[in-house]
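Okay, so here's the structure we're looking at.
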Amino acid sequence: MSAVTERQIKESDKLIEALGRRVEEMSFAQTHLEAHQVINANLRVRREADDEVGADWKRAIEVRDEVMAEYLDLYWDIEADLVDQLGKGHPTLEEFLWAGPTNLDRPFEVLSVLEKMQAGFVDHPELPFAEGYSGQLPAAIESLGNAIQEAERLENAVRESARGRQDTEESYRKARAKTKRRLVRYFKAGRYPPQLDEFLGE
């Protein structure tokens, strides 16, 4: 949840309540009240959207990491069988095993090395366990690839939701400033008049 949006909703609620009490007294109050009611509703929608997409993204990351862990175990099983069969340091191992500069602990790295293994078994069908692993790898690659894509899709959705929230919050700030200026004129004060506490709580 956006802390900024939550604060602004509380501020907006206070302003709407105060304008509602003064709507008969102030000729401009109804127009400002209606504008703030719309913005208040938009702020709540944005907060809910942020909460929902954020929760979906968190779940997608958890699923992706669970899938990665499952197929990382598959990778280690295949590596062990290859080393046992070919011998440690055998040049053919380079066609199958992870040789990246970092530990094999990122989803896209695990996906990449599974694809590498799949291609290796296509080139080396003579390996005694090639057929068995060749049957497992396509499903593993598809499952992990889908999980990665879903997490990335929701990460982008979180960013898009954040941009929408920022736009709504900016609309709120502008409307609040406009109302504040009008109230200052109404109370005929050059500086912040104490009466604005009722509306703005400053």
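Residue names in the structure tokens use chain letters A, B, ... in the order shown, residue numbers from 1 in each chain, and ligand numbers from 1 in the order shown.
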
**Message:** Give me the residues near Asp123 in chain A as a list in words, where near means some atom within 12 Å (using only C-alpha atoms) and where sequence neighbours in that chain fewer than 6 positions away do not count.
**Reply:** Thr92, Glu95, Phe96, Lys116, Met117, Ala130, Glu131 and Ser134 of chain A

Once you have the residues from the selection above, write them out as a compact mmCIF listing (two decimals), in the first residue's frame, restricted to N, CA and C atoms.
# COMPACT_ATOMS: atom_id res chain seq x y z
N THR A 92 32.98 -32.90 -23.23
CA THR A 92 31.56 -32.90 -23.59
C THR A 92 30.71 -32.23 -22.52
N GLU A 95 29.18 -28.81 -23.06
CA GLU A 95 27.96 -28.65 -23.85
C GLU A 95 26.70 -28.70 -22.99
N PHE A 96 26.84 -29.08 -21.72
CA PHE A 96 25.68 -29.27 -20.85
C PHE A 96 25.66 -28.35 -19.63
N LYS A 116 20.27 -25.27 -22.51
CA LYS A 116 21.58 -25.76 -22.96
C LYS A 116 21.64 -27.29 -22.83
N MET A 117 21.13 -27.80 -21.73
CA MET A 117 21.11 -29.26 -21.54
C MET A 117 20.23 -29.95 -22.57
N ALA A 130 19.84 -40.08 -21.90
CA ALA A 130 19.43 -38.97 -22.75
C ALA A 130 17.93 -38.95 -22.98
N GLU A 131 17.36 -40.10 -23.26
CA GLU A 131 15.93 -40.15 -23.58
C GLU A 131 15.08 -39.73 -22.38
N SER A 134 15.56 -35.99 -21.76
CA SER A 134 15.00 -35.25 -22.88
C SER A 134 13.48 -35.15 -22.78

**Contact residues around range 45-50 of chain A with only C-alpha atoms at 10 Å, ignoring same-chain residues under 2 positions, as a list in words** = Met1, Ser2, Ala3, Val4, Thr5, Glu6, Ile9, Ile39, Asn40, Ala41, Asn42, Leu43, Glu52, Val53, Gly54, Ala55, Asp56, Ala157, Val158, Arg159, Glu160, Ser161, Ala162, Gly164, Arg165, Gln166, Asp167, Thr168 and Glu169 of chain A

**Message:** Between CA of Leu111 in chain A and CA of Val83 in chain A, what distance in Å does the model show, to one decimal?
**Reply:** 20.5 Å

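CA of Thr31 in chain A is found 13.9 Å from CA of Glu17 in chain A.
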
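Between CA of Val110 in chain A and CA of Tyr71 in chain A lies a distance of 7.6 Å.
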
**Prompt:** Counting only C-alpha atoms, what is within 10 Å of range 112-114 of chain A, bar same-chain residues fewer than 2 positions away, as a list in words?
**Reply:** Tyr71, Leu72, Leu74, Tyr75, Ile78, Glu95, Phe96, Leu97, Trp98, Ala99, Gly100, Leu104, Arg106, Pro107, Phe108, Glu109, Val110, Lys116, Met117, Gln118, Ala119, Gly120, Leu137, Pro138, Ala140, Ile141, Leu144 and Gly145 of chain A

**Message:** So that I can check the surroundings of range 146-148 of chain A, please list as a ChimeraX atom specification every protein, DNA and RNA residue that reaches within 9 Å of it, counting only C-alpha atoms and ignoring chain neighbours fewer than 5 positions away.
**Reply:** /A:60-61,63-65,67-68,107-108,141,153

**Request:** Give me every helix (DSSP H, G or I) residue in range 1-171 of chain A, going by DSSP on the backbone, as JSON, numbers by chain.
**Result:** {"A": [3, 4, 5, 6, 7, 8, 9, 10, 11, 12, 13, 14, 15, 16, 17, 18, 19, 20, 21, 22, 29, 30, 31, 32, 33, 34, 35, 36, 37, 38, 39, 40, 41, 42, 43, 44, 45, 46, 47, 48, 49, 50, 51, 52, 53, 54, 55, 56, 57, 58, 59, 60, 61, 62, 63, 64, 65, 66, 67, 68, 69, 70, 71, 72, 73, 74, 75, 76, 77, 78, 79, 80, 81, 82, 83, 84, 85, 86, 91, 92, 93, 94, 95, 107, 108, 109, 110, 111, 112, 113, 114, 115, 116, 117, 118, 119, 120, 121, 122, 123, 130, 131, 132, 133, 134, 135, 136, 137, 138, 139, 140, 141, 142, 143, 144, 145, 146, 147, 148, 149, 150, 151, 152, 153, 154, 155, 156, 157, 158, 159, 160, 161, 162, 163, 164, 165, 166, 167, 168, 169, 170, 171]}

**Request:** Find the residues around Tyr186 in chain A up to 10 Å (only C-alpha atoms counted), leave out those fewer than 5 positions away in its own chain, and share them as JSON, numbers by chain.
**Result:** {"A": [26, 27, 28, 180, 181]}

**Request:** Determine, counting only C-alpha atoms, which protein, DNA and RNA residues have an atom within 9 Å of an atom of Ala18 in chain A; residues of the same chain fewer than 6 positions away are not included. Present the result as a ChimeraX atom specification.
**Result:** /A:198-200
